[in-house]
Every structure is written in structure tokens, then in C-alpha cells.
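Colleague: Following this message is one structure expressed as C-alpha cells.
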Amino acid sequence: MQHGKYRFIVGFLVAPLALYAVFVIWPFIQAIYYSFTDWTGLSPDFKMVGFGNYSRMLKDDIFWKSLQHSVVLVLVLPLVTLGLALFFAFMLNVGGRRRKNAAVAGVRGSGFYKIAYFFPQVLSIVIVALLFQFAFNPRSGMLNSALKGIGLDNVQPDWLGDPNLALICVMAVLVWSTVGFFVVLFSAGMASIPKDFYEAALLDGASRVTTFFKITVPLLWDTIQSGWVYMGILALGVEAFTAVQVMTVGPGGPDYSTSILPLYVYQTAFRDGQAGYATTIGVGLLIVTMAFAAIVMRLGRRERLEF
Amino acid sequence: MKATETPPVVAATEPAPVSKSKPPAPGGKEKGSEGQVLNVFSHGVLIIWAILVVLPLLWAIMSSFKNDDSILSTPWALPDKLHFDNWSRAWSQAHMSDYFFNTILVVGGSLIGTLLLGSMAAYVLARFDFPGNRFIYYLFIGGMSFPIILALVPLFFVMNNMGLLNTRHGLILVYIAYSLPFTVFFLTSFFRTLPGSVAEAASIDGASHTRTFFQVMLPMAKPGLISVGIFNFLGQWNQYMLPTVLNTDPKYRVLSQGLVELANSQGYKGDWSGLFAGLVMAMLPVLAAYIIFQRQVVAGLTAGAVK
């Protein structure tokens, strides 16, 4: 029987583990190794260059620019997205007209709002990015013609073509596509907070704004914190890469104003043929990701509230 | 406002409209109007965001029925007549049908593979004690937080050496491998919650471990499989970065790649209406499925974040 058990365990684990090792673990280990080489990716020959790539990276202006943009994304995206989502979720759950025997009530039609807000979450970020690329089009886009429509003929920004606005446009699109997910997530969390907490606070004369900061936010803290990590990984990962790659001119332009670390890794490897150096930048990205997660975990550590 | 000024019972139980019509204690009125203002305000804010979310989608649907001229000159105008030819042009000439076919094939294959391999690994990790169990579990979980782009450069060459580059089955294997971390994480905690007595009864009746898994445990895990299946389906259907790097053969392009390709080729073809038709074509099935399976989709997507 014991023999059968181990044969079963091995039999069930071998296929998933093999696949995972070959396509995920092994490339990660290789990436770290390649970051110390001058491999081009095109020829099979390469030699070790020690920390050469790393010192080159520290002197690379585009790397610093991309890092700066990535850090901005990591700071701004979670803040704006989670802030908006908390606000909307609070409005949905507590903003309703007061009914009999209930100190707080959800707004009417909250089900509809939740369905509509969640739409962008199921769409591919590619579709969203393409859609907004047109919306931002300076001549025939949705935004500028709307501005024209309300008489603002002189206010016709270049949006993605303006180095000062391009990154903000990218962030707006990412916020647009992720807020709904967190509204639904936080709503579910708020629905499980006992109504008497609000009742008691309102009886004691607290305003709704106070109840938001003193009851809702502390009791949702765990969810907010994991949302923070999730948004940060999104800002450093595939979603941000895709939005920039699809929407911006260059991509990463104009004038590197939207270049972010994942995009720079991609371009260095597959456009410039410098696979070794690209993995070095990738290791830099890994360090930023780890640092971010560690900081959030550290800052967010609070006593868990049971209710 | 102090609680002592107002008889608490009145403030809590009286519905806001009533407190307006017959003036109660001054404190009570103030409180009622605060709720009223908040109600109007929250509806206002919520409606604005709902419009911001839905409008771009409606605009895309509308544009897909217009001709190129009116898309460019009057972006907000309704179509003069429904140009269904945009759709047929996108479907056949712009190869949307091929992209759909490839996507369905790849996502179908990888979804089945992910669920099968993921549940096998999760089951063993959740229910059997053996040396290395924890290590393998954390090996899988760790994959959730690493930046994929770092692995992508070496992965390209791993695939190349194995002859899997630019093939559908290669893409399927990579999708499965990168979906395993979350799937294993989610299903392991799910299998832990299932009662052990049923599996014991099956083994007393002489069922082998394998048979117990497929005929007893897997059917019991159906709700978990549906949640994680929806999560993976959307992730894999919307995948852009992996195919962009690993699948550059135009024959095997998936939907997201096809759309970007379509958008890029518009630069010289000027077929905006066809592009909008393609976008909407890719968007509608997912949106429709979401509206029909709304509850399951939301549960599936938020389940991971709550854990």
C-alpha cells in the first residue's frame, strides 16, 4: 500500500512539475546566469563579463528613465485605483437612502453598477489599449472631438503624442480597466461588515466620512493590502507592458516618456539583440518587484481585526 | 453633533423622506439631510463612472457599423446606415476567423491541460504527506510573483531548441506552465476543505488512488474547478505577451496578436471601420459570456484575491 501511495504521488506530480520546471523555473535560473554574459541571443557564443552588464545598466540613461516611470506607476496606480474603488464601493454600500430599521443602506441599482464596472476586467488589455488609442487620437478621437463639441476648440491636446501627457494617458487607461474589479472585491468585503457597527457609530454622532475611515478602511485592511500587492505587480508586469507596447508611439515614446522596465527588457532582447544585457535589466526589475512587495508587507502589517 | 441632543431611536429608525416632511428634533433633521445629500451625491458619482466605463464600449460598437469617412470626421455621430460589410471584411479579409480558430484551439487545449495537471498536483500536495511536499508547494506558489518578462528571454531559446517556437502545441504547453502557480495555489486550498471521509470510504471499497481521484474527488471539486477555470480562461484568452514573443508565425496568430497586427496595418490601408468591427467581434463574445455567467465570473476572479 505504501509503495502504491508513492507511485501514485510521483505519477501525479511528474507531468505538472516537469512542465513547470522546463518552462518556468529553468528559464528564470538561466536568466540570472545570462545577466552576467554578453550573449546577443543571435549566436551561440558568449562569454562571461562579470558585473559588466550591471555597471553598464547603472550608467544607462534609458534604464533610469524606465525605472523612474515604473516607480511612478507602482506608486500612483495602486493609490488612484484602490482609492477610487474604495470610494465607489463605499458609495454603493453606504450611500443609499435610509430605510426603516437600517442606519446604512446600499444605493438602489447597486447590482447594475457592479456589473457595468466589471466590464473592463473581462476584456483583454489589448482591446482596451487599442480602443483608447483611438479615443486619444488628436484629430478624430473621441476625446478631442468631445472637447470640440463643447466649444473648447483651442484645447486639443496631443495626448499620447505629448511627452508630458503620454504616461498619464497610459495610467488613466490602466486605472479605467482595473477599478471595477476592486469595487466588486471591496463591496463583497463591506457587505460582510456587520451593520450595527455603522449604526452604533452614527448614533454616537459620527459622520459618514468618519465611519469610512474609522470602520470601513480598518476592517477591510487585509483586502486592501492584497489589492495593493496585486496592483503593484500589475504595474510592473504584463498589463503595464501591454498597454505601453500597444498604445504608445515607438513604443515607449515620445522621447522615452513612457518607457518602463518590462518594455525596455523586451526591446533590448528582441529588437536590439542584446539578450544578456536584457536579462540584467530583468534582474533589476525583479529586485524592484521584491522590494515593493517587502515594503507593502512591512508598512501594511497591522493587527488583524476579527469580526 | 452629540448623541445626547437627539433621541437615538428616532434618528436610526426614521426614514429620511419622512424626517423631511414633518420636522422632528433639529438634530434628526440635520442627520436626515446629510443622508439625502449623500444619496444624491453618490448616485451622481456612480453614474458618471458607469458612463465613463460603458461609453467607450458603446462608441466602439457604434463605430464598427460606420464607414471610414464618418469615423474620422464625426466620431460621435450615429451611423447613417448599418455597414455590416465592415464585419464581413474583418471576418474574412482581415483573417479574424483564423485568429478566432487559433485562439479557441490554443485556449481549449491549455485550459483542459491546466485544469487536469493543476488539479492532479494540487490534490497530491493537499492530501498526501511526503518529504518535499512543502518545498514543491512553495516552488509553485513562488511563480506567481516573479516578473514573467525576465524568464521570457531564455524561454524563447528553450522553445527554439526544443522546436516548439511558432507552434500551437508549444504555446499550449507554455500557457499551462504559466497558469500552474495560481491554479495549484487555489486548488490546493480547495482540496484541503473537502471531507476526507468520502475518499477513505472509496479506498476501503477497494478503489485505487487514481480512481478515487477521478471518480470521487474531482467531481466533488467541481465548484473550485469552475472558479479557477474561468480565471484561467480569461487570462489565457486575453494573453498577449507570451504569444507576441513565442509565436510570431502569422499562420498561428491568436486574437490579441491579430488585433494589434490589424491596427498596425491600418496605418497604410486606412480601414478603420474594419478594425473597429474586428475589435467589437473580439469583445462581444467575452462580454456576453460575462453577462450570462456574471455571478460565477465575479466569484472566479475575486476568489484568488480574497484568499
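Within each chain, counting starts at residue 1; across the C-alpha cells, chains are named A, B, ... in the order shown, with ligands numbered 1 upward in that order.
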Please report, as a VMD selection string, each residue of range 24-255 of chain A to which DSSP assigns helix (DSSP H, G or I) when run on this structure's backbone.
Modeller: chain A and resid 24 to 34 52 to 58 61 to 94 110 to 122 125 to 135 142 to 149 159 to 161 166 to 191 195 to 203 208 to 219 221 to 236 238 to 247
Colleague: Do a neighbour search on Trp64 in chain A at 12 Å with only C-alpha atoms, toss out local chain neighbours closer than 4 positions, and write the hits as a list in words.
Modeller: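 In the requested format, the answer is Arg56, Met57, Leu58, Lys59, Asp60, Gln68, His69, Ser70, Val71, Tyr256, Ser257, Ser259, Ile260, Leu261, Tyr264, Ile281, Gly284 and Leu285 of chain A.
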Colleague: I want to know what sits within 9 Å of Gln121 in chain A, based on only C-alpha atoms, with residues of the same chain fewer than 3 positions away left out; could you give that as a PyMOL selection string?
Modeller: chain A and resi 117-118+124-125+177-181
Colleague: Could you name the residues that touch Asp158 in chain A at 10 Å or less, counting only C-alpha atoms, but leaving out those on the same chain fewer than 5 positions away, as a ChimeraX atom specification?
Modeller: /A:136-139,144,163-166
Colleague: Tell me which of B:Ile230, B:Met217, B:Leu72, B:Met159 sits closest to chain A, counting only C-alpha atoms.
Modeller: B:Leu72
Colleague: Please determine, counting only C-alpha atoms, which residue among A:Met297, A:Met231, A:Val126, A:Leu82 has the shortest atom-to-atom distance to chain B.
Modeller: A:Val126
Colleague: Show me, as a ChimeraX atom specification, every residue of chain A with an atom at most 7 Å from chain B, counting only C-alpha atoms.
Modeller: /A:8-9,12-13,16,19-20,23-24,27-28,30-31,88,91,95-103,113,116-117,119,122-124,126-127,140-142,185,203-205,223,226,237-238,242,262,269,275,279,282-283,286
Colleague: Keeping only N, CA and C atoms, take the residues you just selected and write them out as a compact mmCIF listing (two decimals), in the first residue's frame.
Modeller:
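In the end it all went to result16.txt:
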```txt
# COMPACT_ATOMS: atom_id res chain seq x y z
N PHE A 8 1.81 6.60 -6.77
CA PHE A 8 0.71 7.50 -7.14
C PHE A 8 1.16 8.95 -7.06
N ILE A 9 1.84 9.28 -5.95
CA ILE A 9 2.29 10.68 -5.78
C ILE A 9 3.21 11.08 -6.92
N PHE A 12 1.41 11.47 -10.25
CA PHE A 12 0.58 12.66 -10.39
C PHE A 12 1.40 13.94 -10.47
N LEU A 13 2.58 13.92 -9.85
CA LEU A 13 3.35 15.16 -9.81
C LEU A 13 4.29 15.31 -10.99
N PRO A 16 3.03 17.81 -14.17
CA PRO A 16 2.99 19.24 -13.88
C PRO A 16 4.35 19.80 -13.48
N LEU A 19 6.73 20.14 -16.57
CA LEU A 19 6.34 21.27 -17.40
C LEU A 19 6.74 22.60 -16.75
N TYR A 20 6.47 22.67 -15.45
CA TYR A 20 6.76 23.89 -14.71
C TYR A 20 8.26 24.14 -14.64
N PHE A 23 9.60 25.14 -18.36
CA PHE A 23 9.17 26.40 -18.98
C PHE A 23 9.16 27.59 -18.03
N VAL A 24 9.24 27.35 -16.72
CA VAL A 24 9.22 28.48 -15.79
C VAL A 24 10.51 28.56 -14.97
N PRO A 27 14.05 28.68 -17.17
CA PRO A 27 14.33 29.98 -17.76
C PRO A 27 14.70 31.05 -16.73
N PHE A 28 14.07 31.01 -15.55
CA PHE A 28 14.40 32.01 -14.52
C PHE A 28 15.86 31.86 -14.08
N GLN A 30 18.28 30.43 -15.75
CA GLN A 30 19.12 30.83 -16.88
C GLN A 30 19.22 32.33 -17.00
N ALA A 31 18.09 33.02 -16.75
CA ALA A 31 18.08 34.47 -16.91
C ALA A 31 19.12 35.10 -16.00
N PHE A 88 -16.01 54.28 -4.48
CA PHE A 88 -17.21 53.80 -5.17
C PHE A 88 -17.89 52.70 -4.37
N MET A 91 -19.78 54.20 -1.56
CA MET A 91 -21.00 54.82 -2.07
C MET A 91 -22.06 53.76 -2.35
N GLY A 95 -24.07 54.61 0.70
CA GLY A 95 -24.60 55.87 0.20
C GLY A 95 -26.11 55.87 -0.05
N GLY A 96 -26.76 54.77 0.25
CA GLY A 96 -28.18 54.66 -0.09
C GLY A 96 -29.06 55.49 0.84
N ARG A 97 -30.26 55.76 0.36
CA ARG A 97 -31.28 56.45 1.15
C ARG A 97 -31.59 55.59 2.36
N ARG A 98 -31.79 56.23 3.49
CA ARG A 98 -32.01 55.43 4.70
C ARG A 98 -33.40 54.82 4.71
N ARG A 99 -33.46 53.55 5.00
CA ARG A 99 -34.76 52.91 5.08
C ARG A 99 -35.08 52.57 6.52
N LYS A 100 -36.27 52.08 6.70
CA LYS A 100 -36.71 51.72 8.06
C LYS A 100 -35.76 50.72 8.68
N ASN A 101 -35.43 50.93 9.90
CA ASN A 101 -34.64 49.98 10.69
C ASN A 101 -33.25 49.74 10.13
N ALA A 102 -32.75 50.61 9.32
CA ALA A 102 -31.39 50.41 8.83
C ALA A 102 -30.66 51.74 8.84
N ALA A 103 -29.56 51.78 9.54
CA ALA A 103 -28.79 53.03 9.60
C ALA A 103 -28.07 53.26 8.30
N TYR A 113 -24.59 48.75 -11.21
CA TYR A 113 -23.30 49.41 -11.20
C TYR A 113 -22.17 48.39 -11.16
N ALA A 116 -21.69 46.74 -14.53
CA ALA A 116 -21.10 47.64 -15.53
C ALA A 116 -19.64 47.91 -15.21
N TYR A 117 -19.33 48.15 -13.94
CA TYR A 117 -17.95 48.48 -13.58
C TYR A 117 -16.99 47.35 -13.87
N PHE A 119 -17.06 45.32 -16.42
CA PHE A 119 -16.85 45.07 -17.85
C PHE A 119 -15.37 45.04 -18.27
N VAL A 122 -13.05 41.88 -17.85
CA VAL A 122 -13.09 40.66 -18.66
C VAL A 122 -12.51 40.91 -20.06
N LEU A 123 -12.28 42.17 -20.42
CA LEU A 123 -11.73 42.45 -21.74
C LEU A 123 -10.22 42.33 -21.73
N SER A 124 -9.68 41.92 -22.85
CA SER A 124 -8.24 41.86 -22.98
C SER A 124 -7.67 43.26 -22.89
N VAL A 126 -5.32 44.29 -24.45
CA VAL A 126 -5.01 44.69 -25.83
C VAL A 126 -6.20 45.44 -26.44
N ILE A 127 -7.39 44.88 -26.26
CA ILE A 127 -8.58 45.54 -26.80
C ILE A 127 -8.76 46.90 -26.16
N SER A 140 -9.16 62.76 -34.82
CA SER A 140 -10.51 62.22 -34.95
C SER A 140 -10.93 61.39 -33.75
N GLY A 141 -10.20 61.51 -32.65
CA GLY A 141 -10.52 60.69 -31.48
C GLY A 141 -11.75 61.16 -30.75
N MET A 142 -12.23 60.28 -29.89
CA MET A 142 -13.43 60.55 -29.13
C MET A 142 -13.24 61.75 -28.21
N LEU A 185 -14.69 43.64 -5.41
CA LEU A 185 -13.98 42.97 -4.31
C LEU A 185 -14.25 43.66 -2.98
N LEU A 203 -25.05 56.67 15.64
CA LEU A 203 -25.76 57.09 16.84
C LEU A 203 -24.87 57.95 17.71
N ASP A 204 -23.59 57.60 17.73
CA ASP A 204 -22.65 58.38 18.52
C ASP A 204 -22.29 59.69 17.85
N GLY A 205 -22.92 59.96 16.73
CA GLY A 205 -22.72 61.25 16.11
C GLY A 205 -21.61 61.30 15.08
N THR A 223 -7.81 43.05 2.77
CA THR A 223 -8.16 43.04 1.35
C THR A 223 -7.46 44.18 0.62
N SER A 226 -3.78 43.22 0.06
CA SER A 226 -3.51 42.28 -1.03
C SER A 226 -3.83 42.94 -2.37
N GLY A 237 4.27 44.61 -14.36
CA GLY A 237 4.23 43.36 -15.11
C GLY A 237 3.59 43.46 -16.48
N VAL A 238 2.89 42.38 -16.81
CA VAL A 238 2.38 42.17 -18.16
C VAL A 238 1.40 43.26 -18.59
N THR A 242 1.85 45.61 -21.78
CA THR A 242 0.95 45.53 -22.93
C THR A 242 0.37 46.90 -23.27
N PRO A 262 9.69 46.64 -18.00
CA PRO A 262 9.42 45.44 -18.80
C PRO A 262 9.55 45.71 -20.30
N ALA A 269 16.12 42.87 -25.68
CA ALA A 269 16.31 41.47 -26.07
C ALA A 269 15.92 41.22 -27.51
N ALA A 275 20.54 39.94 -25.61
CA ALA A 275 19.82 39.11 -24.65
C ALA A 275 20.46 39.16 -23.27
N THR A 279 18.54 40.54 -19.81
CA THR A 279 18.25 39.80 -18.58
C THR A 279 18.79 40.56 -17.36
N GLY A 282 16.20 42.80 -16.54
CA GLY A 282 15.15 41.98 -15.96
C GLY A 282 15.41 41.68 -14.49
N VAL A 283 16.68 41.41 -14.15
CA VAL A 283 17.03 41.18 -12.74
C VAL A 283 16.78 42.45 -11.94
N LEU A 286 13.23 42.47 -11.25
CA LEU A 286 12.92 41.51 -10.19
C LEU A 286 13.19 42.12 -8.82
```
Colleague: Residues near Gly232 in chain A, anyone? I mean within 9 Å using only C-alpha atoms, not counting same-chain ones fewer than 3 positions away, as a ChimeraX atom specification.
Modeller: /A:73-75,77-78,227-229,235-237,289,292-293
Colleague: With C-alpha atoms retained, write the just-selected residues as a JSON list (two decimals), in the first residue's frame.
Modeller:
```
[["chain", "number", "residue", "atom", "x", "y", "z"],
["A", 73, "LEU", "CA", 3.39, 53.51, -11.94],
["A", 74, "VAL", "CA", 3.90, 51.46, -8.79],
["A", 75, "LEU", "CA", 3.19, 54.44, -6.55],
["A", 77, "LEU", "CA", -1.62, 53.20, -9.91],
["A", 78, "PRO", "CA", -2.44, 51.41, -6.64],
["A", 227, "GLY", "CA", -5.07, 44.62, -3.59],
["A", 228, "TRP", "CA", -2.05, 46.86, -3.20],
["A", 229, "VAL", "CA", 0.34, 43.99, -3.92],
["A", 235, "ALA", "CA", 2.09, 47.98, -12.70],
["A", 236, "LEU", "CA", 5.46, 46.23, -13.01],
["A", 237, "GLY", "CA", 4.23, 43.36, -15.11],
["A", 289, "THR", "CA", 9.30, 43.89, -7.55],
["A", 292, "PHE", "CA", 7.93, 46.69, -3.48],
["A", 293, "ALA", "CA", 6.31, 43.55, -2.04]]
```
